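The next block is entry_16.txt, given as compact mmCIF, C-alpha atoms (C1' of nucleotides).
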```txt
# COMPACT_ATOMS: atom_id res chain seq x y z
CA MET A 707 127.25 -135.77 -231.70
CA THR A 708 123.58 -135.01 -231.66
CA LYS A 709 124.04 -131.27 -231.38
CA LYS A 710 126.47 -128.60 -230.47
CA SER A 711 124.78 -125.53 -229.10
CA ALA A 712 128.12 -123.87 -228.52
CA ASP A 713 129.31 -121.48 -231.18
CA PRO A 714 126.23 -119.52 -232.14
CA VAL A 715 126.21 -117.67 -235.40
CA ASN A 716 127.72 -114.59 -233.89
CA GLY A 717 129.83 -114.52 -230.80
CA HIS A 718 127.10 -113.14 -228.56
CA PRO A 719 126.89 -114.20 -224.95
CA PRO A 720 123.96 -116.50 -224.36
CA ALA A 721 121.74 -114.02 -222.53
CA THR A 722 120.69 -110.48 -223.28
CA ARG A 723 117.58 -110.32 -221.06
CA GLN A 724 115.99 -107.29 -222.61
CA VAL A 725 112.91 -107.60 -220.42
CA PRO A 726 113.18 -108.40 -216.72
CA MET A 727 111.59 -111.77 -216.01
CA ARG A 728 112.19 -115.00 -214.20
CA ASP A 729 114.16 -117.65 -215.99
CA PHE A 730 111.50 -118.94 -218.26
CA SER A 731 112.55 -122.57 -218.37
CA ARG A 732 112.21 -122.86 -214.60
CA SER A 733 108.71 -121.52 -214.30
CA LEU A 734 106.16 -123.71 -212.59
CA PRO A 735 104.00 -124.20 -215.67
CA MET A 736 107.00 -125.37 -217.65
CA SER A 737 108.10 -127.73 -214.90
CA LEU A 738 104.65 -129.24 -214.78
CA LEU A 739 104.44 -129.47 -218.54
CA ARG A 740 107.77 -131.19 -218.90
CA ALA A 741 107.12 -133.59 -216.06
CA ARG A 742 103.78 -134.56 -217.48
CA GLU A 743 105.25 -135.05 -220.91
CA ALA A 744 107.99 -137.25 -219.48
CA VAL A 745 105.31 -139.42 -217.93
CA MET A 746 102.90 -139.53 -220.85
CA ARG A 747 105.67 -140.34 -223.27
CA GLN A 748 105.83 -143.71 -221.55
CA PHE A 749 102.18 -144.50 -222.15
CA ARG A 750 101.49 -143.14 -225.59
CA PRO A 751 103.15 -145.95 -227.59
CA SER A 752 101.05 -148.61 -225.91
CA LEU A 753 97.84 -146.63 -226.33
CA ARG A 754 98.73 -145.93 -229.90
CA GLU A 755 99.07 -149.62 -230.64
CA HIS A 756 95.47 -149.99 -229.59
CA GLY A 757 94.31 -147.03 -231.62
CA LEU A 758 93.60 -144.92 -228.59
CA THR A 759 94.62 -141.40 -227.75
CA GLU A 760 95.37 -140.27 -224.28
CA GLN A 761 91.98 -138.59 -223.93
CA GLN A 762 90.03 -141.52 -225.31
CA TRP A 763 91.75 -143.72 -222.78
CA ARG A 764 90.85 -141.30 -220.00
CA ILE A 765 87.22 -141.51 -221.00
CA LEU A 766 87.14 -145.28 -221.15
CA ARG A 767 88.80 -145.51 -217.77
CA ALA A 768 86.34 -143.13 -216.26
CA LEU A 769 83.47 -145.12 -217.74
CA ALA A 770 84.79 -148.51 -216.67
CA ALA A 771 84.32 -147.64 -213.02
CA ILE A 772 80.65 -146.79 -213.22
CA GLU A 773 77.39 -147.90 -214.69
CA ALA A 774 76.54 -144.77 -216.66
CA VAL A 775 77.14 -141.03 -216.41
CA GLU A 776 75.84 -137.91 -217.97
CA VAL A 777 78.16 -136.08 -220.30
CA THR A 778 78.76 -133.12 -218.01
CA GLU A 779 79.77 -135.33 -215.13
CA LEU A 780 82.04 -137.33 -217.42
CA ALA A 781 83.68 -134.13 -218.57
CA ARG A 782 84.49 -133.28 -214.98
CA THR A 783 85.82 -136.75 -214.25
CA ALA A 784 87.97 -137.04 -217.35
CA PHE A 785 89.01 -133.40 -217.06
CA LEU A 786 87.93 -132.53 -220.57
CA LEU A 787 85.99 -129.57 -221.87
CA GLY A 788 82.52 -130.17 -223.19
CA PRO A 789 83.30 -129.64 -226.84
CA SER A 790 86.29 -131.99 -226.79
CA LEU A 791 84.28 -134.63 -225.02
CA SER A 792 81.40 -134.20 -227.43
CA ARG A 793 83.63 -134.95 -230.40
CA ILE A 794 85.43 -137.82 -228.76
CA LEU A 795 82.19 -139.46 -227.67
CA ARG A 796 80.91 -139.22 -231.23
CA ASP A 797 84.00 -141.08 -232.43
CA LEU A 798 84.01 -143.65 -229.64
CA GLU A 799 80.36 -144.33 -230.30
CA ALA A 800 81.08 -144.84 -233.99
CA ARG A 801 83.70 -147.37 -232.97
CA ASN A 802 81.17 -149.07 -230.71
CA LEU A 803 83.33 -148.60 -227.65
CA ILE A 804 80.65 -146.70 -225.78
CA GLU A 805 76.87 -146.48 -225.75
CA ARG A 806 74.60 -143.57 -225.28
CA LYS A 807 70.94 -143.13 -224.48
CA THR A 808 69.01 -140.11 -223.43
CA ALA A 809 67.87 -140.07 -219.84
CA LYS A 810 64.22 -140.81 -219.30
CA ALA A 811 63.58 -138.08 -216.79
CA ASP A 812 65.37 -135.30 -218.65
CA GLN A 813 65.57 -135.41 -222.42
CA ARG A 814 68.48 -133.01 -222.41
CA ARG A 815 70.78 -135.39 -220.62
CA SER A 816 72.38 -138.35 -222.32
CA MET A 817 73.73 -141.19 -220.27
CA VAL A 818 77.02 -142.63 -221.46
CA SER A 819 78.33 -146.08 -220.66
CA ILE A 820 81.13 -148.31 -221.85
CA SER A 821 80.19 -151.14 -224.22
CA LYS A 822 81.20 -154.77 -224.12
CA GLU A 823 83.72 -154.05 -226.85
CA GLY A 824 85.02 -151.12 -224.87
CA LEU A 825 85.57 -153.35 -221.88
CA LYS A 826 87.40 -155.86 -224.03
CA LEU A 827 89.67 -153.14 -225.35
CA MET A 828 90.34 -151.88 -221.85
CA ALA A 829 91.18 -155.34 -220.68
CA SER A 830 93.76 -155.64 -223.43
CA VAL A 831 95.39 -152.30 -222.63
CA ALA A 832 95.23 -152.27 -218.85
CA PRO A 833 98.02 -154.78 -218.12
CA THR A 834 100.64 -152.89 -220.12
CA SER A 835 99.43 -149.64 -218.70
CA GLU A 836 99.70 -150.94 -215.17
CA ALA A 837 103.16 -152.30 -215.84
CA ILE A 838 104.36 -148.95 -217.11
CA TYR A 839 102.92 -147.21 -214.11
CA ALA A 840 104.63 -149.70 -211.86
CA GLU A 841 107.95 -149.08 -213.56
CA ILE A 842 107.55 -145.33 -213.16
CA THR A 843 106.73 -145.83 -209.51
CA ARG A 844 109.75 -148.07 -209.09
CA ARG A 845 112.10 -145.58 -210.71
CA PHE A 846 110.87 -142.51 -208.91
CA GLY A 847 110.06 -144.21 -205.65
CA ALA A 848 106.61 -144.96 -204.28
CA ARG A 849 107.13 -142.74 -201.28
CA LYS A 850 108.22 -139.78 -203.33
CA LEU A 851 105.45 -140.34 -205.81
CA ALA A 852 102.86 -140.12 -203.05
CA GLU A 853 104.55 -136.98 -201.75
CA LEU A 854 104.56 -135.42 -205.17
CA GLN A 855 100.90 -136.10 -205.69
CA GLU A 856 100.12 -134.70 -202.30
CA MET A 857 101.94 -131.49 -203.20
CA LEU A 858 100.19 -131.26 -206.53
CA GLY A 859 96.88 -131.57 -204.76
CA GLU A 860 97.86 -128.87 -202.31
CA LEU A 861 98.89 -126.61 -205.14
CA GLU A 862 95.50 -127.08 -206.77
CA ARG A 863 93.68 -126.38 -203.56
CA SER A 864 95.76 -123.32 -202.77
CA LEU A 865 94.76 -121.82 -206.10
CA ALA A 866 91.17 -122.89 -205.94
CA GLY A 867 89.79 -119.55 -204.87
CA LEU A 868 91.99 -117.44 -207.12
CA GLY A 869 89.62 -117.35 -210.03
CA GLY A 870 91.39 -117.08 -213.34
CA ALA A 871 88.62 -115.23 -215.10
CA ASP A 872 84.86 -115.56 -215.03
CA GLU A 873 84.90 -116.29 -211.33
CA THR A 874 81.35 -115.70 -210.27
CA ILE A 875 81.90 -114.16 -206.89
CA ALA A 876 78.95 -113.93 -204.58
CA GLY A 877 78.83 -110.20 -204.01
CA GLU A 878 79.57 -108.89 -207.46
CA MET B 475 73.09 -125.85 -205.25
CA THR B 476 75.52 -126.10 -208.08
CA LYS B 477 75.23 -129.86 -208.33
CA LYS B 478 74.12 -132.87 -206.45
CA SER B 479 75.93 -135.96 -207.58
CA ALA B 480 74.01 -138.07 -205.12
CA ASP B 481 70.97 -139.85 -206.44
CA PRO B 482 72.06 -141.12 -209.85
CA VAL B 483 69.43 -142.14 -212.33
CA ASN B 484 69.16 -145.59 -210.92
CA GLY B 485 70.06 -146.57 -207.43
CA HIS B 486 73.42 -148.06 -208.40
CA PRO B 487 76.35 -147.69 -206.09
CA PRO B 488 78.91 -145.26 -207.52
CA ALA B 489 81.48 -147.85 -208.58
CA THR B 490 81.21 -151.01 -210.63
CA ARG B 491 84.87 -151.38 -211.60
CA GLN B 492 84.47 -153.80 -214.44
CA VAL B 493 88.17 -153.70 -215.28
CA PRO B 494 90.79 -153.73 -212.54
CA MET B 495 92.72 -150.47 -212.56
CA ARG B 496 94.02 -147.80 -210.26
CA ASP B 497 91.65 -145.03 -209.35
CA PHE B 498 91.84 -143.03 -212.49
CA SER B 499 91.46 -139.59 -211.02
CA ARG B 500 94.51 -140.11 -208.82
CA SER B 501 96.91 -141.13 -211.54
CA LEU B 502 100.08 -139.12 -211.86
CA PRO B 503 99.28 -137.76 -215.33
CA MET B 504 95.93 -136.50 -214.08
CA SER B 505 97.49 -134.90 -211.02
CA LEU B 506 100.01 -133.12 -213.19
CA LEU B 507 97.38 -132.07 -215.67
CA ARG B 508 95.08 -130.64 -213.06
CA ALA B 509 97.84 -128.86 -211.22
CA ARG B 510 99.09 -127.28 -214.39
CA GLU B 511 95.64 -126.21 -215.38
CA ALA B 512 95.09 -124.66 -211.95
CA VAL B 513 98.23 -122.62 -212.49
CA MET B 514 97.68 -121.63 -216.10
CA ARG B 515 94.12 -120.60 -215.41
CA GLN B 516 95.63 -117.72 -213.48
CA PHE B 517 97.68 -116.46 -216.40
CA ARG B 518 95.43 -116.96 -219.38
CA PRO B 519 93.12 -113.98 -218.81
CA SER B 520 96.02 -111.54 -218.73
CA LEU B 521 97.64 -113.05 -221.80
CA ARG B 522 94.33 -113.05 -223.56
CA GLU B 523 93.93 -109.34 -222.97
CA HIS B 524 97.11 -108.86 -224.91
CA GLY B 525 96.07 -111.18 -227.70
CA LEU B 526 98.60 -113.82 -226.76
CA THR B 527 98.20 -117.53 -226.24
CA GLU B 528 100.18 -119.44 -223.72
CA GLN B 529 102.51 -120.81 -226.37
CA GLN B 530 103.06 -117.49 -228.07
CA TRP B 531 104.01 -116.07 -224.70
CA ARG B 532 106.45 -118.93 -224.14
CA ILE B 533 108.12 -118.16 -227.42
CA LEU B 534 108.41 -114.44 -226.76
CA ARG B 535 109.86 -115.12 -223.33
CA ALA B 536 112.39 -117.51 -224.72
CA LEU B 537 113.38 -114.98 -227.35
CA ALA B 538 113.62 -112.05 -224.96
CA ALA B 539 116.55 -113.65 -223.18
CA ILE B 540 118.75 -114.06 -226.22
CA GLU B 541 119.92 -112.33 -229.34
CA ALA B 542 118.73 -114.87 -231.89
CA VAL B 543 118.15 -118.62 -232.11
CA GLU B 544 117.55 -121.18 -234.77
CA VAL B 545 114.10 -122.67 -234.90
CA THR B 546 115.11 -126.10 -233.66
CA GLU B 547 116.80 -124.68 -230.60
CA LEU B 548 113.80 -122.47 -229.92
CA ALA B 549 111.55 -125.50 -230.12
CA ARG B 550 113.59 -127.18 -227.43
CA THR B 551 113.60 -124.09 -225.23
CA ALA B 552 109.90 -123.35 -225.53
CA PHE B 553 109.08 -127.06 -225.36
CA LEU B 554 107.09 -127.04 -228.58
CA LEU B 555 107.11 -129.44 -231.47
CA GLY B 556 108.50 -128.23 -234.75
CA PRO B 557 105.20 -128.03 -236.59
CA SER B 558 103.49 -126.05 -233.85
CA LEU B 559 106.41 -123.67 -233.65
CA SER B 560 106.48 -123.27 -237.39
CA ARG B 561 102.87 -122.13 -237.47
CA ILE B 562 103.18 -119.87 -234.48
CA LEU B 563 106.30 -118.20 -235.83
CA ARG B 564 104.49 -117.53 -239.08
CA ASP B 565 101.72 -115.77 -237.16
CA LEU B 566 104.03 -113.89 -234.82
CA GLU B 567 106.04 -112.72 -237.79
CA ALA B 568 102.87 -111.50 -239.50
CA ARG B 569 102.13 -109.51 -236.35
CA ASN B 570 105.65 -108.10 -236.43
CA LEU B 571 106.45 -109.44 -232.99
CA ILE B 572 109.43 -111.42 -234.20
CA GLU B 573 111.94 -111.25 -237.03
CA ARG B 574 113.50 -113.97 -239.07
CA LYS B 575 116.48 -114.18 -241.38
CA THR B 576 118.25 -117.17 -242.82
CA ALA B 577 121.68 -117.88 -241.43
CA LYS B 578 124.57 -116.91 -243.62
CA ALA B 579 126.60 -120.04 -243.10
CA ASP B 580 123.76 -122.52 -243.54
CA GLN B 581 120.85 -121.60 -245.74
CA ARG B 582 118.68 -124.23 -244.10
CA ARG B 583 118.69 -122.53 -240.75
CA SER B 584 116.66 -119.47 -239.97
CA MET B 585 117.56 -117.26 -237.06
CA VAL B 586 114.64 -115.95 -235.05
CA SER B 587 114.70 -112.91 -232.81
CA ILE B 588 112.19 -110.76 -231.01
CA SER B 589 111.32 -107.41 -232.58
CA LYS B 590 111.09 -104.00 -230.99
CA GLU B 591 107.32 -104.36 -231.00
CA GLY B 592 107.65 -107.77 -229.43
CA LEU B 593 109.71 -106.28 -226.65
CA LYS B 594 107.15 -103.58 -226.10
CA LEU B 595 104.39 -106.14 -225.84
CA MET B 596 106.43 -108.19 -223.41
CA ALA B 597 107.09 -105.15 -221.28
CA SER B 598 103.37 -104.54 -221.04
CA VAL B 599 102.57 -108.10 -220.06
CA ALA B 600 105.48 -108.93 -217.77
CA PRO B 601 104.41 -106.94 -214.69
CA THR B 602 101.00 -108.60 -214.42
CA SER B 603 102.55 -111.94 -215.13
CA GLU B 604 105.12 -111.48 -212.40
CA ALA B 605 102.46 -110.33 -209.97
CA ILE B 606 100.39 -113.44 -210.62
CA TYR B 607 103.41 -115.64 -210.16
CA ALA B 608 104.20 -113.88 -206.91
CA GLU B 609 100.67 -114.44 -205.65
CA ILE B 610 100.86 -118.12 -206.51
CA THR B 611 104.16 -118.34 -204.69
CA ARG B 612 102.69 -116.56 -201.71
CA ARG B 613 99.70 -118.86 -201.54
CA PHE B 614 101.54 -122.11 -201.97
CA GLY B 615 104.67 -121.08 -200.15
CA ALA B 616 108.04 -120.31 -201.66
CA ARG B 617 109.70 -123.17 -199.86
CA LYS B 618 107.17 -125.72 -201.00
CA LEU B 619 107.24 -124.35 -204.50
CA ALA B 620 110.97 -124.92 -204.71
CA GLU B 621 110.51 -128.41 -203.31
CA LEU B 622 107.81 -129.20 -205.81
CA GLN B 623 109.92 -128.05 -208.71
CA GLU B 624 112.82 -130.09 -207.44
CA MET B 625 110.62 -133.18 -207.35
CA LEU B 626 109.28 -132.52 -210.82
CA GLY B 627 112.83 -132.27 -212.09
CA GLU B 628 113.73 -135.52 -210.39
CA LEU B 629 110.72 -137.20 -211.92
CA GLU B 630 111.81 -136.07 -215.35
CA ARG B 631 115.33 -137.26 -214.82
CA SER B 632 114.23 -140.60 -213.45
CA LEU B 633 112.29 -141.26 -216.62
CA ALA B 634 114.90 -139.87 -218.96
CA GLY B 635 116.27 -143.22 -220.03
CA LEU B 636 112.92 -144.98 -220.29
CA GLY B 637 112.34 -144.19 -223.91
CA GLY B 638 108.69 -143.92 -224.78
CA ALA B 639 109.06 -145.11 -228.32
CA ASP B 640 111.63 -144.41 -231.02
CA GLU B 641 114.42 -144.52 -228.50
CA THR B 642 117.51 -145.02 -230.61
CA ILE B 643 119.55 -147.22 -228.33
CA ALA B 644 123.20 -147.63 -229.11
CA GLY B 645 123.45 -151.37 -229.53
CA GLU B 646 120.31 -152.13 -231.45
C1' DC C 664 132.56 -134.48 -258.95
C1' DG C 665 128.10 -136.97 -258.25
C1' DC C 666 124.70 -138.64 -255.59
C1' DA C 667 122.59 -140.90 -251.67
C1' DT C 668 121.96 -139.35 -246.84
C1' DT C 669 121.19 -136.38 -243.45
C1' DC C 670 119.44 -131.86 -241.77
C1' DA C 671 116.44 -127.97 -240.81
C1' DC C 672 112.31 -126.63 -241.59
C1' DT C 673 107.58 -126.46 -243.52
C1' DT C 674 103.08 -128.59 -244.99
C1' DA C 675 99.52 -131.65 -244.45
C1' DA C 676 96.15 -134.20 -241.95
C1' DC C 677 93.82 -135.44 -238.06
C1' DA C 678 92.76 -134.99 -232.90
C1' DT C 679 92.25 -132.01 -229.03
C1' DG C 680 92.06 -127.31 -226.42
C1' DT C 681 89.40 -123.27 -226.04
C1' DT C 682 85.85 -119.85 -226.54
C1' DA C 683 81.56 -118.44 -228.56
C1' DA C 684 77.06 -119.64 -230.65
C1' DG C 685 73.40 -122.53 -231.51
C1' DT C 686 69.59 -126.04 -230.18
C1' DA C 687 66.54 -128.45 -227.66
C1' DT C 688 64.74 -129.05 -222.95
C1' DC C 689 63.44 -127.87 -218.68
C1' DT C 690 62.02 -124.70 -214.74
C1' DC C 691 59.78 -121.17 -212.68
C1' DG C 692 57.08 -117.21 -211.89
C1' DC C 693 53.01 -115.09 -213.07
C1' DG D 719 50.21 -123.00 -219.20
C1' DC D 720 53.18 -119.68 -221.26
C1' DG D 721 57.14 -117.09 -222.03
C1' DA D 722 61.78 -115.62 -220.07
C1' DG D 723 65.76 -117.56 -218.36
C1' DA D 724 68.56 -121.52 -217.07
C1' DT D 725 70.52 -126.22 -218.52
C1' DA D 726 72.79 -129.88 -221.17
C1' DC D 727 74.75 -130.60 -225.02
C1' DT D 728 76.41 -129.84 -229.79
C1' DT D 729 78.52 -127.04 -233.60
C1' DA D 730 81.60 -123.84 -235.26
C1' DA D 731 85.93 -121.58 -235.63
C1' DC D 732 90.46 -120.99 -234.62
C1' DA D 733 94.96 -122.44 -232.24
C1' DT D 734 97.89 -126.13 -230.82
C1' DG D 735 99.48 -131.25 -230.30
C1' DT D 736 101.14 -134.98 -232.93
C1' DT D 737 102.78 -137.84 -236.66
C1' DA D 738 103.99 -138.32 -241.45
C1' DA D 739 105.45 -136.50 -245.71
C1' DG D 740 107.57 -132.86 -248.47
C1' DT D 741 111.30 -129.39 -249.76
C1' DG D 742 115.58 -127.36 -250.24
C1' DA D 743 120.22 -127.20 -248.57
C1' DA D 744 124.39 -129.33 -246.62
C1' DT D 745 127.53 -133.59 -246.05
C1' DG D 746 129.98 -137.50 -246.84
C1' DC D 747 131.90 -140.94 -249.56
C1' DG D 748 133.35 -143.43 -253.63
```

How does this structure look as structure tokens?
Amino acid sequence: MTKKSADPVNGHPPATRQVPMRDFSRSLPMSLLRAREAVMRQFRPSLREHGLTEQQWRILRALAAIEAVEVTELARTAFLLGPSLSRILRDLEARNLIERKTAKADQRRSMVSISKEGLKLMASVAPTSEAIYAEITRRFGARKLAELQEMLGELERSLAGLGGADETIAGE
Amino acid sequence: MTKKSADPVNGHPPATRQVPMRDFSRSLPMSLLRAREAVMRQFRPSLREHGLTEQQWRILRALAAIEAVEVTELARTAFLLGPSLSRILRDLEARNLIERKTAKADQRRSMVSISKEGLKLMASVAPTSEAIYAEITRRFGARKLAELQEMLGELERSLAGLGGADETIAGE
DNA sequence: CGCATTCACTTAACATGTTAAGTATCTCGC
DNA sequence: GCGAGATACTTAACATGTTAAGTGAATGCG
């Protein structure tokens, strides 16, 4: 009822394959993208109710575990690029969810920390978030989940050296 | 030499954990995100050389395998949201990489297909792309790669019913 | 037939991803 | 102690992600 992909406009067979390539929909990047989307789709509604985006939530979580961090370190932890983080921190600061002060020793660095309000917000989101994660774990299986994460880590590590671009190699 | 995360500004231990939550950096979404980034980092430079973004490449690949598709179907195949696709198609059309014509039977639908130029561009990118994919497969292991993709598919399927939000359930 | 709904897209608006520049500091060699 | 280069961010500019609203064309029903 939702759709009928049979009967295209003309009677062409579904594949012409004018350029030789793997089946696109089964490529690793697509598999990873779809899997991640399937997971995040579960969390977004809850975050949205609290006026948080996925990235903002990542930042708050990273901050909740520590006293204060410099922006660069936070970028690494939350897996965000500097410019994205810069913007998001500006907004989170305007909402009083985080605090910032320049480091004494080095005026270039600014130390970021979560505010009392930020902690309150986290406390109100965390339970739902944990429950969703638990449900995902239940459905997929804790054992398999651990296995999957292990494989993902291995994949990362196996590609670590293969620099995508500006790889600053020692002897070059 | 690149960094020394020891010796933070004050002598605080690295974790304060003011809100009880899983270790953030080991969450499934983060694992998937990092793994995908590790993979895509390999491809981006090559695509960039040809003036293509990751998404544009996805669209061309999806189109290369078929005669013509409607936009909605293409969105599903390339895993893009309608608005993103709409913009990208506008740009690809301006670059003469794709062609568009409204369907005869239904004036609302527009059928998209790859152009001769688009095919030429694909042909020039595909070899490098395949080589990179082969290297990734070699490094990670073909067997493990297949296993990983199987698990990712299972994960997707296990979350299929768990509607993130607007899930239109039959009896509600 | 007439018209409210539904459909297939497109536009708009705002947030992030991504690369390149810009700015203020800091470091180091001379 | 000064000037070139490195650092830590921030801004800018453009592309995409994401949700909501808009537009024109088909459908269904009285």

So that I can check the surroundings of DT728 in chain D, please list as a PDB file with C-alpha atoms (C1' of nucleotides), keeping the file's coordinate frame every protein, DNA and RNA residue that reaches within 10 Å of it, counting only C-alpha atoms (C1' of nucleotides) and ignoring chain neighbours fewer than 5 positions away.
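Heads up, here's the output in out16.pdb:
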```pdb
ATOM      1  CA  GLY A 788      82.520-130.170-223.190  1.00  0.00           C
ATOM      2  CA  PRO A 789      83.300-129.640-226.840  1.00  0.00           C
ATOM      3  CA  SER A 792      81.400-134.200-227.430  1.00  0.00           C
ATOM      4  CA  ARG A 793      83.630-134.950-230.400  1.00  0.00           C
TER       5      ARG A 793
ATOM      6  C1'  DG C 685      73.400-122.530-231.510  1.00  0.00           C
ATOM      7  C1'  DT C 686      69.590-126.040-230.180  1.00  0.00           C
TER       8       DT C 686
END
```

### Query
What residues in chain B lie within 8 Å of chain D, counting all atoms listed in the file, written as a ChimeraX atom specification?
/B:555,558,580-582

#### Entry: Closest of A:Lys807, A:Arg782, A:Arg815, A:Arg764 to chain C - atom-to-atom distances counting only C-alpha atoms (C1' of nucleotides)
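Looking only at the distances to chain C, the closest residue turns out to be A:Arg815.
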
Draw an axis-aligned box tight on the listed atoms of range 676-689 of chain C, then pad every side by 5 Å and write out centre and edge lengths in Å to one decimal as AutoDock Vina command-line options.
```
--center_x 79.8 --center_y -126.9 --center_z -230.3 --size_x 42.7 --size_y 27.0 --size_z 33.3
```

### Task
Between A:Lys850, A:Lys822, A:Arg747, A:Arg728, single out the one closest to chain B, counting all atoms listed in the file.
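Nearest candidate to chain B out of A:Lys850, A:Lys822, A:Arg747, A:Arg728: A:Arg747.
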
### Message
Please compute the C1' of DT673 in chain C-CA of Leu526 in chain B distance, one decimal, in Å.
### Response
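Between these atoms lies a distance of 22.8 Å.
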
Go through chain C and flag each residue having an atom no more than 12 Å from chain A; for those, report the closest pair of atoms plus their distance in Å to one decimal, using all atoms listed in the file, ordered by chain and rising number, as a Markdown table.
```
| residue | atom | partner | partner_atom | distance |
| --- | --- | --- | --- | --- |
| C:DC670 | C1' | A:Thr708 | CA | 11.4 |
| C:DC677 | C1' | A:Thr759 | CA | 11.9 |
| C:DA678 | C1' | A:Thr759 | CA | 8.4 |
| C:DT679 | C1' | A:Ser790 | CA | 6.4 |
| C:DG680 | C1' | A:Ser790 | CA | 7.4 |
| C:DT681 | C1' | A:Leu787 | CA | 8.3 |
| C:DT682 | C1' | A:Pro789 | CA | 10.1 |
| C:DA683 | C1' | A:Pro789 | CA | 11.5 |
| C:DT686 | C1' | A:Arg814 | CA | 10.5 |
| C:DA687 | C1' | A:Arg814 | CA | 7.2 |
| C:DT688 | C1' | A:Arg814 | CA | 5.5 |
| C:DC689 | C1' | A:Asp812 | CA | 7.7 |
| C:DT690 | C1' | A:Asp812 | CA | 11.8 |
```

### Task
Measuring atom to atom with only C-alpha atoms, identify which of B:Val513, B:Leu563, B:Gly525, B:Ala549 is nearest to chain A.
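Distance minimum relative to chain A lands on B:Val513.
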
### Task
Could you give me, as a PyMOL selection string, the residues that have an atom at most 10 Å away from the point (98.8, -134.6, -214.0) in the coordinates of the file, using all atoms listed in the file?
(chain A and resi 738-739+741-743+745-746+855+858-859) or (chain B and resi 499-511)

### Message
So that I can check the surroundings of Ile572 in chain B, please list as JSON, numbers by chain every protein, DNA and RNA residue that reaches within 9 Å of it, counting only C-alpha atoms (C1' of nucleotides) and ignoring chain neighbours fewer than 5 positions away.
### Response
{"B": [534, 537, 563, 566, 567, 586, 587, 588, 589, 590, 591, 592]}

### Query
Counting all atoms listed in the file, which of B:Arg574, B:Arg564, B:Arg613, B:Arg522 gets nearest to chain A?
B:Arg613

### Message
So, with only C-alpha atoms as the atoms that count, which of B:Thr576, B:Gln530, B:Ser584, B:Gln516 lies closest to chain A?
### Response
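Distance minimum relative to chain A lands on B:Gln516.
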
### Query
Can you tell me how far CA of Leu753 in chain A sits from CA of Lys826 in chain A, in Å to one decimal?
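Pair CA of Leu753 in chain A / CA of Lys826 in chain A returns 14.1 Å.
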
### Shortest interatomic distance to chain A - which of B:Ala616, B:Ile540, B:Ile606, B:Met585, counting only C-alpha atoms
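Answer, going by the shortest atom-to-atom distance: B:Ile540.
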
### Message
To one decimal place in Å, what is the distance between CA of Val775 in chain A and CA of Ser864 in chain A?
### Response
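Pair CA of Val775 in chain A / CA of Ser864 in chain A returns 29.1 Å.
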